[in-house]
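The structure under discussion appears below in the form of structure tokens.
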Amino acid sequence: MGIYINLDIIPNFIDPKLWEDTYQESLELLYSYPSPLMSLRREKLEFSDRLFYSSKLEFDEQGEVYWQVTGDMETKVSGETFILHKDIQHYLSSCKEKYNIKNLDIISQDWDSPCLSRPLDSKTQGYNYHNAILAVASLFESRIPLYARASGDITLEQAQEAISWANGILSQEIQIPISLDGPRLLNRLVKSMSGKKLLDQFSSLFLGSRQEGYRLLWEMVDPGIIKDWFASEFTEYSPSTIGSMSLMRNFLNATGDLESLVEICCTNKNGPMLSPQVIAEEIGSLGLSVPMEQINELSFLRLPENALTSVEEQFAFFCFQPYLLILDKEVYFSIDKILEVLEIFSSGKREILREVLEQNTQRVYQKLSELKEFSDKVENRIAKPEDQEQKIKFKATALAMRKAEIGASENIPQFTELSREGLLKFFICLAYDQQFILTELAWDRIQREQDPEVLKALIFTIMLNRDRVADFRDIQREILEEPDALEKAFEYLQEYRKRYPTAKQLEEGLVSLESGNESF
């Protein structure tokens with residue numbers, strides 16, 4: 001699970017000079033990003049290594065020139081690291097003799113083709129630098145269209161925003177990735193393939209919504225071919241599963257053609273040959289006969305699969321899929337209309353089919369009621385004012401720091417005797433041991449710190465990471481990176497030193513806090 005951006009290339013056929021020129025353009029984009037980007041670096045010291053985030057993005061290691069990006073300096077949040085090499089030779093594969101260069105097009109290649117190399121294949125997790133990497137991937141696709149394609153967990157809105165920004169920097173404009181432009185993708189694919197292979201490849205590459213892709217195919221492909229293809233798609237899933245029902249919903253959203261759907265699923269020899277009763281169960285479970293007004297009341301809970309922009313949204317999508325099947329429907333058919341269509345393929349079972357439809361539709365109403373109850377709870381939840389919540393977080397962190405301080409004094413006797421230089425070395429070693437990464441600016445400030453008590457507070461902050469105190473991660477980084485945050489946390493730590501001078505008093509205080517008899 002994660003939010004990826006990918007760039008696939010056919011390196012053997014890319015002109016080295018064109019690749020290098022595009023690399024230079026990509027570097028210009030990265031250094032121009034509104035939120036300065038950062039790389040992850042390692043420095044070797046005499047007594048330990050040190051990890052830090054640097055604003056320098058391009059590096060030369062023994063003649064290998066590349067850029068590296070792992071996040072942005074504004075949020076100081078990182079996803080995975082993206083690396084791109086200046087020399088196309090770094091990506092060469094061994095496919096040159098197997099292909100006719102005149103007919104080769106990267107969009108006709110399967111994802112696992114031995115002809116492909118993937119320079120970019122990491123997770124941004126939707127963080128602030130996502131659009132910067134998306135712009136770079138789009139740049140390479142635009143400059144080298146036959147031999148480069150951008151893909152990943154990207155949306156049309158993201159691409160439009162990224163390309164709009166990039167075109168304000170570049171001397172020659174670029175386009176959104178072809179994987180997000182259905183008509184352009186389909187028109188290019190028909191030059192090299194047809195029939196089922198064309199439809200399979202389009203379905204594999206297109207990153208817009210399923211219903212948008214299906215609508216395009218329904219309008220532009222021969223009816224017999226497209227119906228046979230949809231029929232074979234339904235055979236990939238067992239009846240009444242999320243996969244089957246998602247396909248059914250997307251088909252109806254795209255075409256609005258209930259009769260063709262039933263024909264494809266019931267009578268097409270390439271399809272699953274379902275009985276009308278099974279179709280009635282699935283249609284009922286999709287809530288097709290529930291008025292759109294009732295669905296739209298909960299539209300704010302929708303999470304379209306092609307527009308998931310964070311790991312949290314991905315997780316929510318998989319957890320709420322049974323509900324989202326209903327919320328994402330865009331068509332309405334009365335029960336009588338559904339029965340009229342089903343009877344074309346099954347005479348004399350109207351009442352049985354009506355009962356199945358009504359039972360499953362009633363279950364949909366129950367699910368909608370559950371969702372309404374959930375949304376009301378979310379809406380009515382009273383949040384603490386932001387400044388009050390932030391104050392509580394700082395106090396809770398300072399209390400945890402006091403606990404770490406008492407633990408250090410009991411378990412590391414020499415800790416209290418360390419000099420300023422000793423404390424600084426202790427901090428650096430502990431930060432590396434816990435793989436805690438700071439910006440260059442933060443490291444410079446910490447190394448200039450002269451007050452041993454402040455250095456101790458920084459050490460206790462890192463110790464929270466060692467103790468896997470997940471609730472403090474964001475505020476830990478704030479304390480280590482921002483002088484004002486450190487000052488605030490240090491002030492609360494001083495307060496807790498006075499209130500809980502011994503381990504026993506701290507333990508009693510924690511019990512009192514948990515019981516509500518004492519406040520932060």
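In the structure tokens, each chain is lettered A, B, ... as it comes, each chain's residues begin at 1, and ligands are numbered from 1 in order of appearance.
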
query = Which residues come within 9 Å of A:Ala408, counting only C-alpha atoms, excluding same-chain residues fewer than 6 positions away, as an MDAnalysis selection string?
reply = chainID A and resid 415:416 460

Run DSSP on the backbone and tell me which residues of stretch 45-173 of chain A come out as alpha helix (DSSP H); list them as an NGL selection string.
:A and (130-143 or 156-167)

Checklist entry - Rounded to one decimal in Å, what is the spacing between atom CA of A:Val356 and atom CA of A:Ile242? => result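 Separation of atom CA of A:Val356 and atom CA of A:Ile242: 18.4 Å.
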
Checklist entry - Can you tell me, as a list of chain:residue names, what residues are no more than 12 Å from A:Glu233 when counting only C-alpha atoms, ignoring any on the same chain fewer than 6 positions away? => result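 Listed by chain and then number, they are A:Lys196, A:Leu199, A:Asp200, A:Ser203, A:Tyr214, A:Ile226, A:Lys227, A:Gly243, A:Ser244, A:Met245, A:Ser246, A:Leu247, A:Met248, A:Phe251, A:Ile264, A:Cys265, A:Asn268, A:Asn270, A:Gly271, A:Pro272.
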
Of A:Ile344, A:Leu325, A:Leu29, A:Ile174, the one nearest to A:Glu259 when counting only C-alpha atoms is A:Ile344

Atom CA of A:Arg499 sits from atom CA of A:Lys425 at a separation of 29.5 Å

Each residue of stretch 88-169 of chain A lying at most 9 Å from stretch 62-69 of chain A should get a row with its shortest atom-to-atom pair and the distance in Å to one decimal, counting only C-alpha atoms; could you produce that, ordered by chain and increasing number, as CSV?
residue,atom,partner,partner_atom,distance
A:His90,CA,A:Glu64,CA,8.8
A:Tyr129,CA,A:Val69,CA,8.5
A:Ile133,CA,A:Val69,CA,8.5

Output file for the residues above (N, CA, C and O atoms, as a PDB file, in the first residue's frame):
ATOM      1  N   HIS A  90      23.167   4.185 -17.652  1.00  0.00           N
ATOM      2  CA  HIS A  90      22.852   3.568 -16.357  1.00  0.00           C
ATOM      3  C   HIS A  90      21.635   2.652 -16.457  1.00  0.00           C
ATOM      4  O   HIS A  90      21.491   1.715 -15.669  1.00  0.00           O
ATOM      5  N   TYR A 129       5.972  16.773  -1.968  1.00  0.00           N
ATOM      6  CA  TYR A 129       6.814  16.740  -3.160  1.00  0.00           C
ATOM      7  C   TYR A 129       6.221  15.881  -4.283  1.00  0.00           C
ATOM      8  O   TYR A 129       6.849  15.714  -5.334  1.00  0.00           O
ATOM      9  N   ILE A 133       7.645  15.466  -8.434  1.00  0.00           N
ATOM     10  CA  ILE A 133       8.078  14.231  -9.103  1.00  0.00           C
ATOM     11  C   ILE A 133       7.160  13.907 -10.273  1.00  0.00           C
ATOM     12  O   ILE A 133       7.614  13.450 -11.326  1.00  0.00           O
TER      13      ILE A 133
END

Give the strand (DSSP E or B) residues of stretch 24-269 of chain A, as DSSP finds them on the backbone, and put them as an NGL selection string. :A and (37-44 or 49-54 or 58-61 or 64-72 or 78-85 or 117-123 or 148-152)

Residue contacts of A:Pro183 (12 Å, only C-alpha atoms) excluding same-chain residues fewer than 5 positions away, as an mmCIF file with C-alpha atoms, in the first residue's frame:
data_model
loop_
_atom_site.group_PDB
_atom_site.id
_atom_site.type_symbol
_atom_site.label_atom_id
_atom_site.label_comp_id
_atom_site.auth_asym_id
_atom_site.auth_seq_id
_atom_site.Cartn_x
_atom_site.Cartn_y
_atom_site.Cartn_z
ATOM 1 C CA ILE A 178 -1.049 9.962 -21.825
ATOM 2 C CA ARG A 188 -2.328 5.972 -30.241
ATOM 3 C CA LEU A 189 -2.965 2.343 -29.293
ATOM 4 C CA VAL A 190 -5.072 1.639 -32.397
ATOM 5 C CA PHE A 202 -6.099 0.432 -22.741
ATOM 6 C CA PHE A 206 -5.575 4.185 -18.415
ATOM 7 C CA GLY A 208 -8.594 7.877 -15.136
ATOM 8 C CA GLU A 212 -14.649 7.321 -17.877
ATOM 9 C CA GLY A 213 -12.560 4.683 -19.637
ATOM 10 C CA TYR A 214 -15.545 2.402 -20.181
ATOM 11 C CA ARG A 215 -17.619 5.279 -21.558
ATOM 12 C CA LEU A 216 -14.902 6.053 -24.084
ATOM 13 C CA LEU A 217 -14.594 2.408 -25.166
ATOM 14 C CA GLU A 219 -18.598 5.041 -27.701
ATOM 15 C CA MET A 220 -15.567 4.338 -29.913
ATOM 16 C CA VAL A 221 -15.300 0.533 -30.254
#

Query raised in the report: What lies within 9 Å of A:Ile283 using only C-alpha atoms, ignoring chain neighbours under 5 positions off, as an MDAnalysis selection string?
Result: chainID A and resid 245 248:249 278 288:289 338 357 360:361

If you count only C-alpha atoms, the residue of A:Leu424, A:Glu157, A:Thr397, A:Leu40 closest to A:Asp474 turns out to be A:Thr397

### Query
So how many Å separate atom CA of A:Gln450 and atom CA of A:Arg420, to one decimal?
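These two atoms are separated by 7.0 Å.
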
Extract, using only C-alpha atoms, all DNA, RNA and protein residues at most 8 Å from A:Leu116, discarding same-chain residues fewer than 3 positions from it, and format them as a PyMOL selection string. chain A and resi 8-11+93+111-113

Between A:Glu370, A:Glu330, A:Glu25, A:Asp257, which is the closest to A:Glu293 once you count only C-alpha atoms?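 Once distances to A:Glu293 are computed over only C-alpha atoms, the minimum belongs to A:Glu330.
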
List the spatial neighbours of A:Phe82 as a ChimeraX atom specification - criterion: any atom at most 10 Å away, only C-alpha atoms, same-chain residues fewer than 3 positions off excluded. /A:5-6,39,67-71,79,119-124,133

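Candidate residues A:Pro413, A:Pro16, A:Pro34, A:Gly126 were compared for distance to A:Lys86, and the nearest is A:Pro16, using only C-alpha atoms.
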